[in-house]
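Engineer: Structure: final_19.cif, mmCIF, C-alpha atoms.
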```cif
data_run
loop_
_atom_site.group_PDB
_atom_site.id
_atom_site.type_symbol
_atom_site.label_atom_id
_atom_site.label_comp_id
_atom_site.auth_asym_id
_atom_site.auth_seq_id
_atom_site.Cartn_x
_atom_site.Cartn_y
_atom_site.Cartn_z
ATOM 1 C CA MET A 1 44.607 -39.671 70.596
ATOM 2 C CA GLN A 2 41.732 -37.299 71.080
ATOM 3 C CA SER A 3 38.210 -38.795 71.400
ATOM 4 C CA THR A 4 35.326 -37.650 69.273
ATOM 5 C CA ASP A 5 31.604 -37.647 69.713
ATOM 6 C CA PRO A 6 29.339 -39.726 67.428
ATOM 7 C CA ALA A 7 29.142 -36.797 64.967
ATOM 8 C CA GLY A 8 32.930 -36.815 64.648
ATOM 9 C CA ASN A 9 33.452 -33.590 66.547
ATOM 10 C CA PRO A 10 36.319 -33.558 68.998
ATOM 11 C CA ALA A 11 35.101 -34.288 72.553
ATOM 12 C CA PRO A 12 35.875 -31.707 75.185
ATOM 13 C CA GLU A 13 38.938 -32.394 77.262
ATOM 14 C CA GLY A 14 38.268 -34.762 80.168
ATOM 15 C CA ALA A 15 35.109 -36.143 78.535
ATOM 16 C CA ALA A 16 34.644 -39.886 78.737
ATOM 17 C CA PRO A 17 34.793 -41.885 75.536
ATOM 18 C CA PRO A 18 31.443 -42.706 73.964
ATOM 19 C CA ASP A 19 31.571 -46.371 74.991
ATOM 20 C CA GLU A 20 32.018 -45.369 78.619
ATOM 21 C CA VAL A 21 29.196 -42.826 78.346
ATOM 22 C CA MET A 22 26.933 -45.468 76.864
ATOM 23 C CA ALA A 23 27.878 -47.895 79.629
ATOM 24 C CA ASP A 24 27.157 -45.207 82.239
ATOM 25 C CA LEU A 25 23.860 -44.420 80.525
ATOM 26 C CA ASP A 26 22.890 -48.111 80.480
ATOM 27 C CA ARG A 27 23.841 -48.443 84.161
ATOM 28 C CA LEU A 28 21.823 -45.316 85.071
ATOM 29 C CA ASN A 29 18.840 -46.526 83.035
ATOM 30 C CA THR A 30 19.016 -49.871 84.864
ATOM 31 C CA GLN A 31 19.169 -48.078 88.229
ATOM 32 C CA LEU A 32 16.259 -45.851 87.199
ATOM 33 C CA ALA A 33 14.174 -48.862 86.161
ATOM 34 C CA GLU A 34 14.997 -50.581 89.488
ATOM 35 C CA ALA A 35 14.081 -47.421 91.422
ATOM 36 C CA GLU A 36 10.800 -47.142 89.495
ATOM 37 C CA ARG A 37 10.009 -50.818 90.286
ATOM 38 C CA ASN A 38 10.784 -50.191 93.951
ATOM 39 C CA LEU A 39 8.592 -47.085 93.913
ATOM 40 C CA ALA A 40 5.737 -49.016 92.294
ATOM 41 C CA GLU A 41 6.091 -51.777 94.918
ATOM 42 C CA MET A 42 6.113 -49.203 97.714
ATOM 43 C CA ARG A 43 3.038 -47.467 96.318
ATOM 44 C CA GLU A 44 1.254 -50.818 96.110
ATOM 45 C CA THR A 45 2.313 -51.632 99.683
ATOM 46 C CA VAL A 46 1.068 -48.251 100.906
ATOM 47 C CA LEU A 47 -2.258 -48.757 99.130
ATOM 48 C CA ARG A 48 -2.632 -52.233 100.645
ATOM 49 C CA GLU A 49 -1.773 -50.899 104.096
ATOM 50 C CA ARG A 50 -4.283 -48.063 103.713
ATOM 51 C CA ALA A 51 -6.943 -50.544 102.610
ATOM 52 C CA GLU A 52 -6.119 -52.820 105.551
ATOM 53 C CA ILE A 53 -6.301 -49.906 107.992
ATOM 54 C CA GLU A 54 -9.641 -48.814 106.525
ATOM 55 C CA ASN A 55 -10.976 -52.383 106.771
ATOM 56 C CA GLN A 56 -9.766 -52.615 110.356
ATOM 57 C CA ARG A 57 -11.397 -49.260 111.179
ATOM 58 C CA ARG A 58 -14.688 -50.493 109.706
ATOM 59 C CA ARG A 59 -14.427 -53.767 111.656
ATOM 60 C CA LEU A 60 -13.749 -51.900 114.900
ATOM 61 C CA GLN A 61 -16.634 -49.506 114.215
ATOM 62 C CA ARG A 62 -18.958 -52.453 113.546
ATOM 63 C CA ASP A 63 -17.763 -54.258 116.701
ATOM 64 C CA LEU A 64 -18.213 -51.109 118.770
ATOM 65 C CA GLU A 65 -21.732 -50.606 117.443
ATOM 66 C CA HIS A 66 -22.496 -54.270 118.146
ATOM 67 C CA ALA A 67 -21.145 -53.924 121.693
ATOM 68 C CA ARG A 68 -23.261 -50.800 122.277
ATOM 69 C CA ARG A 69 -26.418 -52.434 120.984
ATOM 70 C CA PHE A 70 -26.015 -55.644 122.982
ATOM 71 C CA ALA A 71 -24.114 -54.504 126.085
ATOM 72 C CA ASN A 72 -27.181 -55.018 128.287
ATOM 73 C CA GLU A 73 -28.097 -58.413 126.831
ATOM 74 C CA LYS A 74 -27.083 -60.455 129.902
ATOM 75 C CA LEU A 75 -28.703 -58.024 132.329
ATOM 76 C CA LEU A 76 -31.945 -57.959 130.379
ATOM 77 C CA ALA A 77 -31.991 -61.744 130.051
ATOM 78 C CA ASP A 78 -31.606 -61.947 133.853
ATOM 79 C CA LEU A 79 -34.511 -59.498 134.277
ATOM 80 C CA LEU A 80 -36.955 -61.565 132.205
ATOM 81 C CA PRO A 81 -38.023 -63.760 135.178
ATOM 82 C CA VAL A 82 -38.705 -60.587 137.182
ATOM 83 C CA LEU A 83 -40.921 -59.267 134.380
ATOM 84 C CA ASP A 84 -42.683 -62.634 134.168
ATOM 85 C CA ASN A 85 -43.371 -62.592 137.925
ATOM 86 C CA LEU A 86 -44.739 -59.036 137.751
ATOM 87 C CA GLU A 87 -47.024 -59.982 134.861
ATOM 88 C CA ARG A 88 -48.269 -63.054 136.750
ATOM 89 C CA GLY A 89 -48.933 -60.858 139.790
ATOM 90 C CA LEU A 90 -50.962 -58.409 137.718
ATOM 91 C CA ALA A 91 -52.924 -61.242 136.122
ATOM 92 C CA ALA A 92 -53.894 -62.709 139.519
ATOM 93 C CA THR A 93 -57.488 -62.216 140.536
ATOM 94 C CA GLY A 94 -59.074 -62.164 143.937
ATOM 95 C CA GLU A 95 -58.516 -60.146 147.023
ATOM 96 C CA ASP A 96 -55.840 -62.174 148.790
ATOM 97 C CA PHE A 97 -53.519 -59.290 149.615
ATOM 98 C CA ALA A 98 -51.200 -61.495 151.676
ATOM 99 C CA ALA A 99 -50.496 -63.659 148.616
ATOM 100 C CA LEU A 100 -50.032 -60.551 146.473
ATOM 101 C CA ARG A 101 -47.625 -59.080 149.032
ATOM 102 C CA GLY A 102 -45.699 -62.357 149.168
ATOM 103 C CA GLY A 103 -45.423 -62.362 145.384
ATOM 104 C CA VAL A 104 -44.177 -58.772 145.330
ATOM 105 C CA GLU A 105 -41.589 -59.603 148.017
ATOM 106 C CA LEU A 106 -40.359 -62.603 145.986
ATOM 107 C CA THR A 107 -40.142 -60.422 142.872
ATOM 108 C CA LEU A 108 -38.210 -57.753 144.793
ATOM 109 C CA ARG A 109 -35.763 -60.390 146.083
ATOM 110 C CA GLU A 110 -35.260 -61.692 142.530
ATOM 111 C CA LEU A 111 -34.727 -58.167 141.192
ATOM 112 C CA THR A 112 -32.248 -57.414 143.999
ATOM 113 C CA ARG A 113 -30.364 -60.653 143.240
ATOM 114 C CA VAL A 114 -30.103 -59.746 139.535
ATOM 115 C CA ALA A 115 -28.967 -56.194 140.340
ATOM 116 C CA GLU A 116 -26.293 -57.393 142.774
ATOM 117 C CA ALA A 117 -25.078 -60.029 140.302
ATOM 118 C CA ASN A 118 -24.539 -57.181 137.825
ATOM 119 C CA GLY A 119 -22.507 -55.029 140.231
ATOM 120 C CA LEU A 120 -25.228 -52.867 141.816
ATOM 121 C CA LYS A 121 -25.048 -52.407 145.590
ATOM 122 C CA ALA A 122 -27.434 -50.443 147.795
ATOM 123 C CA ILE A 123 -26.231 -47.707 150.148
ATOM 124 C CA ASP A 124 -28.369 -47.719 153.304
ATOM 125 C CA PRO A 125 -26.346 -45.540 155.698
ATOM 126 C CA ALA A 126 -28.715 -45.375 158.695
ATOM 127 C CA GLY A 127 -26.613 -44.851 161.843
ATOM 128 C CA GLU A 128 -23.358 -44.262 159.904
ATOM 129 C CA ALA A 129 -21.350 -41.052 159.771
ATOM 130 C CA PHE A 130 -22.474 -38.666 157.030
ATOM 131 C CA ASP A 131 -20.274 -38.998 153.917
ATOM 132 C CA PRO A 132 -20.825 -36.172 151.383
ATOM 133 C CA GLU A 133 -19.258 -38.379 148.679
ATOM 134 C CA ARG A 134 -22.037 -40.981 149.019
ATOM 135 C CA HIS A 135 -24.887 -39.201 150.826
ATOM 136 C CA GLN A 136 -26.981 -36.139 150.113
ATOM 137 C CA ALA A 137 -28.326 -34.363 153.184
ATOM 138 C CA MET A 138 -31.976 -33.411 152.797
ATOM 139 C CA GLN A 139 -32.298 -31.923 156.260
ATOM 140 C CA MET A 140 -30.511 -31.606 159.564
ATOM 141 C CA VAL A 141 -32.252 -32.264 162.848
ATOM 142 C CA PRO A 142 -31.066 -31.302 166.315
ATOM 143 C CA THR A 143 -30.907 -34.388 168.525
ATOM 144 C CA GLN A 144 -29.123 -35.769 171.553
ATOM 145 C CA ALA A 145 -30.030 -39.359 170.717
ATOM 146 C CA HIS A 146 -27.501 -39.568 167.859
ATOM 147 C CA PRO A 147 -23.962 -38.225 167.517
ATOM 148 C CA ALA A 148 -23.663 -35.019 165.509
ATOM 149 C CA GLY A 149 -22.885 -35.678 161.844
ATOM 150 C CA SER A 150 -24.456 -39.124 161.776
ATOM 151 C CA VAL A 151 -27.295 -40.277 159.525
ATOM 152 C CA VAL A 152 -30.552 -40.358 161.473
ATOM 153 C CA ALA A 153 -32.936 -41.439 158.699
ATOM 154 C CA VAL A 154 -32.770 -42.480 155.063
ATOM 155 C CA PHE A 155 -35.366 -41.024 152.677
ATOM 156 C CA GLN A 156 -34.070 -42.950 149.690
ATOM 157 C CA LYS A 157 -31.315 -45.547 149.369
ATOM 158 C CA GLY A 158 -28.312 -44.729 147.267
ATOM 159 C CA TYR A 159 -26.594 -47.118 144.857
ATOM 160 C CA VAL A 160 -23.072 -47.822 143.637
ATOM 161 C CA LEU A 161 -22.340 -49.679 140.429
ATOM 162 C CA ASN A 162 -19.029 -51.523 140.526
ATOM 163 C CA GLU A 163 -17.656 -49.166 143.207
ATOM 164 C CA ARG A 164 -18.817 -46.047 141.320
ATOM 165 C CA LEU A 165 -21.584 -43.893 142.767
ATOM 166 C CA LEU A 166 -24.740 -44.207 140.697
ATOM 167 C CA ARG A 167 -27.085 -42.310 143.035
ATOM 168 C CA PRO A 168 -26.395 -40.806 146.472
ATOM 169 C CA ALA A 169 -28.537 -41.782 149.447
ATOM 170 C CA LEU A 170 -30.958 -39.045 150.519
ATOM 171 C CA VAL A 171 -30.594 -38.695 154.277
ATOM 172 C CA THR A 172 -31.403 -36.738 157.430
ATOM 173 C CA VAL A 173 -28.289 -35.801 159.407
ATOM 174 C CA ALA A 174 -28.056 -35.248 163.165
ATOM 175 C CA GLN A 175 -26.744 -31.991 164.511
ATOM 176 C CA ALA A 176 -25.865 -31.152 168.075
ATOM 177 C CA ALA A 177 -28.873 -29.991 170.103
ATOM 178 C CA GLN A 178 -28.697 -26.392 171.288
#
```
Translate the structure described by the file into C-alpha coordinates.

Structural biologist:
Amino acid sequence: MQSTDPAGNPAPEGAAPPDEVMADLDRLNTQLAEAERNLAEMRETVLRERAEIENQRRRLQRDLEHARRFANEKLLADLLPVLDNLERGLAATGEDFAALRGGVELTLRELTRVAEANGLKAIDPAGEAFDPERHQAMQMVPTQAHPAGSVVAVFQKGYVLNERLLRPALVTVAQAAQ
(Lines of atoms letter the chains of each structure in order from A and count residues from 1; the text may use other names and numbers.)
(Lines give C-alpha, C1' and ligand atoms only; values in the text may rest on other atoms or scores of the structure.)
Protein backbone atom coordinates (compact mmCIF):
# COMPACT_ATOMS: atom_id res chain seq x y z
CA MET A 1 0.00 0.00 0.00
CA GLN A 2 1.26 3.41 -0.95
CA SER A 3 1.40 6.10 1.79
CA THR A 4 -0.17 9.49 1.39
CA ASP A 5 0.49 12.86 2.88
CA PRO A 6 -2.11 14.58 5.11
CA ALA A 7 -3.72 16.16 2.02
CA GLY A 8 -4.27 12.70 0.54
CA ASN A 9 -1.64 13.06 -2.15
CA PRO A 10 0.55 10.04 -2.73
CA ALA A 11 3.87 10.37 -0.85
CA PRO A 12 7.02 10.15 -2.90
CA GLU A 13 8.66 6.76 -2.99
CA GLY A 14 10.89 6.11 0.03
CA ALA A 15 9.16 8.80 2.11
CA ALA A 16 8.42 7.89 5.70
CA PRO A 17 4.81 7.54 6.75
CA PRO A 18 3.30 10.59 8.41
CA ASP A 19 3.34 9.04 11.89
CA GLU A 20 7.06 8.42 11.60
CA VAL A 21 7.63 11.96 10.31
CA MET A 22 5.67 13.35 13.23
CA ALA A 23 7.65 11.21 15.65
CA ASP A 24 10.90 12.41 14.07
CA LEU A 25 9.66 16.00 14.23
CA ASP A 26 8.73 15.61 17.91
CA ARG A 27 12.13 14.05 18.64
CA LEU A 28 13.94 16.87 16.78
CA ASN A 29 11.85 19.52 18.55
CA THR A 30 12.75 17.90 21.90
CA GLN A 31 16.44 17.87 20.95
CA LEU A 32 16.20 21.50 19.82
CA ALA A 33 14.56 22.53 23.09
CA GLU A 34 17.28 20.66 25.05
CA ALA A 35 20.01 22.32 22.96
CA GLU A 36 18.43 25.74 23.53
CA ARG A 37 18.30 25.07 27.31
CA ASN A 38 21.94 24.01 27.24
CA LEU A 39 22.84 27.13 25.26
CA ALA A 40 20.97 29.34 27.73
CA GLU A 41 22.76 27.65 30.65
CA MET A 42 26.12 28.10 28.92
CA ARG A 43 25.41 31.76 28.21
CA GLU A 44 24.46 32.27 31.86
CA THR A 45 27.63 30.46 32.96
CA VAL A 46 29.76 32.60 30.65
CA LEU A 47 28.13 35.77 31.97
CA ARG A 48 28.72 34.67 35.57
CA GLU A 49 32.34 33.81 34.79
CA ARG A 50 32.85 37.18 33.10
CA ALA A 51 31.32 38.95 36.10
CA GLU A 52 33.52 36.94 38.47
CA ILE A 53 36.63 37.75 36.44
CA GLU A 54 35.71 41.44 36.40
CA ASN A 55 35.11 41.39 40.17
CA GLN A 56 38.43 39.64 40.70
CA ARG A 57 40.19 42.20 38.46
CA ARG A 58 38.66 45.03 40.50
CA ARG A 59 39.68 43.35 43.77
CA LEU A 60 43.25 42.88 42.53
CA GLN A 61 43.39 46.49 41.31
CA ARG A 62 42.13 47.71 44.70
CA ASP A 63 44.63 45.49 46.55
CA LEU A 64 47.47 46.69 44.33
CA GLU A 65 46.54 50.32 44.92
CA HIS A 66 46.32 49.64 48.66
CA ALA A 67 49.74 47.97 48.60
CA ARG A 68 51.24 50.92 46.71
CA ARG A 69 49.78 53.47 49.09
CA PHE A 70 50.85 51.67 52.26
CA ALA A 71 54.02 49.84 51.19
CA ASN A 72 56.20 52.15 53.28
CA GLU A 73 53.98 52.04 56.37
CA LYS A 74 56.36 49.91 58.49
CA LEU A 75 59.42 51.89 57.43
CA LEU A 76 57.76 55.21 58.17
CA ALA A 77 56.48 53.98 61.53
CA ASP A 78 60.07 52.97 62.39
CA LEU A 79 61.29 56.45 61.37
CA LEU A 80 58.91 58.30 63.70
CA PRO A 81 61.28 58.06 66.72
CA VAL A 82 64.07 59.50 64.55
CA LEU A 83 61.85 62.43 63.59
CA ASP A 84 60.89 62.92 67.24
CA ASN A 85 64.57 62.99 68.27
CA LEU A 86 65.40 65.53 65.55
CA GLU A 87 62.51 67.75 66.64
CA ARG A 88 63.62 67.54 70.28
CA GLY A 89 67.16 68.46 69.21
CA LEU A 90 65.92 71.50 67.32
CA ALA A 91 63.78 72.57 70.26
CA ALA A 92 66.74 72.44 72.68
CA THR A 93 68.07 75.78 73.81
CA GLY A 94 71.46 76.74 75.09
CA GLU A 95 74.92 76.45 73.73
CA ASP A 96 75.94 73.00 74.93
CA PHE A 97 77.33 71.74 71.64
CA ALA A 98 78.60 68.51 73.20
CA ALA A 99 75.05 67.57 74.22
CA LEU A 100 73.75 68.55 70.79
CA ARG A 101 76.45 66.45 69.11
CA GLY A 102 75.62 63.51 71.36
CA GLY A 103 71.95 63.83 70.45
CA VAL A 104 72.74 63.94 66.73
CA GLU A 105 74.96 60.84 67.09
CA LEU A 106 72.15 58.97 68.89
CA THR A 107 69.69 60.01 66.17
CA LEU A 108 72.11 58.86 63.45
CA ARG A 109 72.52 55.48 65.19
CA GLU A 110 68.73 55.11 65.40
CA LEU A 111 68.31 56.05 61.74
CA THR A 112 71.06 53.59 60.73
CA ARG A 113 69.37 50.83 62.78
CA VAL A 114 66.02 51.48 61.07
CA ALA A 115 67.64 51.54 57.61
CA GLU A 116 69.51 48.28 58.21
CA ALA A 117 66.37 46.62 59.59
CA ASN A 118 64.68 47.49 56.29
CA GLY A 119 67.42 46.00 54.11
CA LEU A 120 69.68 49.02 53.52
CA LYS A 121 73.43 48.44 53.86
CA ALA A 122 76.21 50.99 53.46
CA ILE A 123 79.10 50.48 51.05
CA ASP A 124 82.28 51.97 52.54
CA PRO A 125 85.02 50.49 50.34
CA ALA A 126 88.10 52.28 51.73
CA GLY A 127 91.14 50.03 51.14
CA GLU A 128 89.22 47.53 48.97
CA ALA A 129 89.79 46.81 45.29
CA PHE A 130 87.83 49.11 42.97
CA ASP A 131 84.60 47.43 41.77
CA PRO A 132 82.92 49.32 38.89
CA GLU A 133 79.65 47.51 39.70
CA ARG A 134 79.48 49.12 43.17
CA HIS A 135 81.86 52.10 43.03
CA GLN A 136 82.09 55.22 40.90
CA ALA A 137 85.59 56.61 40.47
CA MET A 138 85.69 60.38 40.90
CA GLN A 139 89.44 60.66 40.43
CA MET A 140 92.59 58.61 40.18
CA VAL A 141 95.70 59.49 42.14
CA PRO A 142 99.21 58.20 41.57
CA THR A 143 100.54 56.63 44.77
CA GLN A 144 102.99 54.04 46.00
CA ALA A 145 101.32 53.75 49.39
CA HIS A 146 98.35 51.78 48.01
CA PRO A 147 98.15 49.03 45.40
CA ALA A 148 97.02 50.18 41.96
CA GLY A 149 93.26 49.79 41.47
CA SER A 150 92.41 50.05 45.15
CA VAL A 151 90.12 52.62 46.78
CA VAL A 152 92.19 55.30 48.49
CA ALA A 153 89.38 57.55 49.77
CA VAL A 154 85.60 57.59 49.86
CA PHE A 155 83.83 60.87 49.01
CA GLN A 156 80.38 59.45 49.61
CA LYS A 157 79.23 56.05 50.85
CA GLY A 158 77.22 53.88 48.53
CA TYR A 159 74.17 51.83 49.51
CA VAL A 160 72.60 48.51 48.56
CA LEU A 161 68.98 47.68 49.27
CA ASN A 162 68.39 43.96 49.70
CA GLU A 163 71.50 43.11 47.64
CA ARG A 164 70.55 45.56 44.86
CA LEU A 165 72.67 48.64 44.27
CA LEU A 166 70.79 51.77 45.30
CA ARG A 167 73.68 54.24 44.97
CA PRO A 168 77.34 53.60 44.10
CA ALA A 169 80.10 54.79 46.43
CA LEU A 170 81.98 57.82 45.10
CA VAL A 171 85.68 57.02 45.46
CA THR A 172 89.27 57.97 44.68
CA VAL A 173 91.22 55.12 43.09
CA ALA A 174 94.97 54.52 43.32
CA GLN A 175 97.03 54.24 40.18
CA ALA A 176 100.62 53.17 39.86
CA ALA A 177 103.07 56.05 40.38
CA GLN A 178 105.12 56.96 37.33

Engineer: Taking the file as shown, find all residues satisfying the PyMOL selection byres ((chain A and resi 156) around 9) and write them as a list in words.

Structural biologist: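 Taken on the displayed file, the PyMOL selection byres ((chain A and resi 156) around 9) yields the residues Asp124, Val154, Phe155, Lys157, Gly158, Pro168, Ala169, Leu170 and Val171 of chain A.
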
Engineer: Which polymer residues, whether protein, DNA or RNA, lie within 8 Å of the coordinate (-27.4, -32.6, 167.0) when you count all atoms listed in the file? List them as number ranges by chain, using the chain letters and numbers from the file.

Structural biologist: A: 141-144, 146-149, 174-178

Engineer: Got a sec: who's within 10 Å of A:Phe130, counting all atoms listed in the file, leaving out chain neighbours fewer than 3 positions off, as number ranges by chain?

Structural biologist: A: 125-127, 133-137, 148-152, 171-174

Engineer: Translate the PyMOL selection byres ((chain A and resi 78) around 12), as applied to the file shown, into an explicit residue set as a list in words.

Structural biologist: Asn72, Glu73, Lys74, Leu75, Leu76, Ala77, Leu79, Leu80, Pro81, Val82, Leu83, Asp84, Glu110, Leu111, Thr112, Arg113, Val114, Ala115, Glu116, Ala117 and Asn118 of chain A

Engineer: Keeping only C-alpha atoms, take the residues you just selected and write them out as an mmCIF file, in the coordinates of the input.

Structural biologist:
```
data_model
loop_
_atom_site.group_PDB
_atom_site.id
_atom_site.type_symbol
_atom_site.label_atom_id
_atom_site.label_comp_id
_atom_site.auth_asym_id
_atom_site.auth_seq_id
_atom_site.Cartn_x
_atom_site.Cartn_y
_atom_site.Cartn_z
ATOM 1 C CA ASN A 72 -27.181 -55.018 128.287
ATOM 2 C CA GLU A 73 -28.097 -58.413 126.831
ATOM 3 C CA LYS A 74 -27.083 -60.455 129.902
ATOM 4 C CA LEU A 75 -28.703 -58.024 132.329
ATOM 5 C CA LEU A 76 -31.945 -57.959 130.379
ATOM 6 C CA ALA A 77 -31.991 -61.744 130.051
ATOM 7 C CA LEU A 79 -34.511 -59.498 134.277
ATOM 8 C CA LEU A 80 -36.955 -61.565 132.205
ATOM 9 C CA PRO A 81 -38.023 -63.760 135.178
ATOM 10 C CA VAL A 82 -38.705 -60.587 137.182
ATOM 11 C CA LEU A 83 -40.921 -59.267 134.380
ATOM 12 C CA ASP A 84 -42.683 -62.634 134.168
ATOM 13 C CA GLU A 110 -35.260 -61.692 142.530
ATOM 14 C CA LEU A 111 -34.727 -58.167 141.192
ATOM 15 C CA THR A 112 -32.248 -57.414 143.999
ATOM 16 C CA ARG A 113 -30.364 -60.653 143.240
ATOM 17 C CA VAL A 114 -30.103 -59.746 139.535
ATOM 18 C CA ALA A 115 -28.967 -56.194 140.340
ATOM 19 C CA GLU A 116 -26.293 -57.393 142.774
ATOM 20 C CA ALA A 117 -25.078 -60.029 140.302
ATOM 21 C CA ASN A 118 -24.539 -57.181 137.825
#
```

Engineer: One decimal, in Å: what's the spacing between atom CA of A:Leu161 and atom CA of A:Asp131?

Structural biologist: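 Separation of atom CA of A:Leu161 and atom CA of A:Asp131: 17.3 Å.
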
Engineer: Work out how far apart atom CA of A:Arg167 and atom CA of A:Ala71 are and give it in Å to one decimal.

Structural biologist: 21.1 Å

Engineer: How many Å lie between atom CA of A:Val160 and atom CA of A:Leu86, rounded to one decimal?

Structural biologist: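 Atom-to-atom, atom CA of A:Val160 to atom CA of A:Leu86, that is 25.1 Å.
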
Engineer: Which residues, written as a tab-separated table (two decimals) with C-alpha atoms, keeping the file's coordinate frame, have at least one atom at most 12 Å from A:Asn85, with only C-alpha atoms counted and residues fewer than 6 positions away on the same chain left out?

Structural biologist:
```
chain	number	residue	atom	x	y	z
A	79	LEU	CA	-34.51	-59.50	134.28
A	91	ALA	CA	-52.92	-61.24	136.12
A	92	ALA	CA	-53.89	-62.71	139.52
A	100	LEU	CA	-50.03	-60.55	146.47
A	102	GLY	CA	-45.70	-62.36	149.17
A	103	GLY	CA	-45.42	-62.36	145.38
A	104	VAL	CA	-44.18	-58.77	145.33
A	105	GLU	CA	-41.59	-59.60	148.02
A	106	LEU	CA	-40.36	-62.60	145.99
A	107	THR	CA	-40.14	-60.42	142.87
A	108	LEU	CA	-38.21	-57.75	144.79
A	109	ARG	CA	-35.76	-60.39	146.08
A	110	GLU	CA	-35.26	-61.69	142.53
A	111	LEU	CA	-34.73	-58.17	141.19
```

Engineer: Enclose all atoms of stretch 24-43 of chain A listed in the file in an axis-aligned box, grow every side by 8 Å, and hand back centre and edge lengths in Å to one decimal, as AutoDock Vina command-line options.

Structural biologist:
```
--center_x 15.1 --center_y -48.1 --center_z 89.1 --size_x 40.1 --size_y 23.4 --size_z 33.2
```
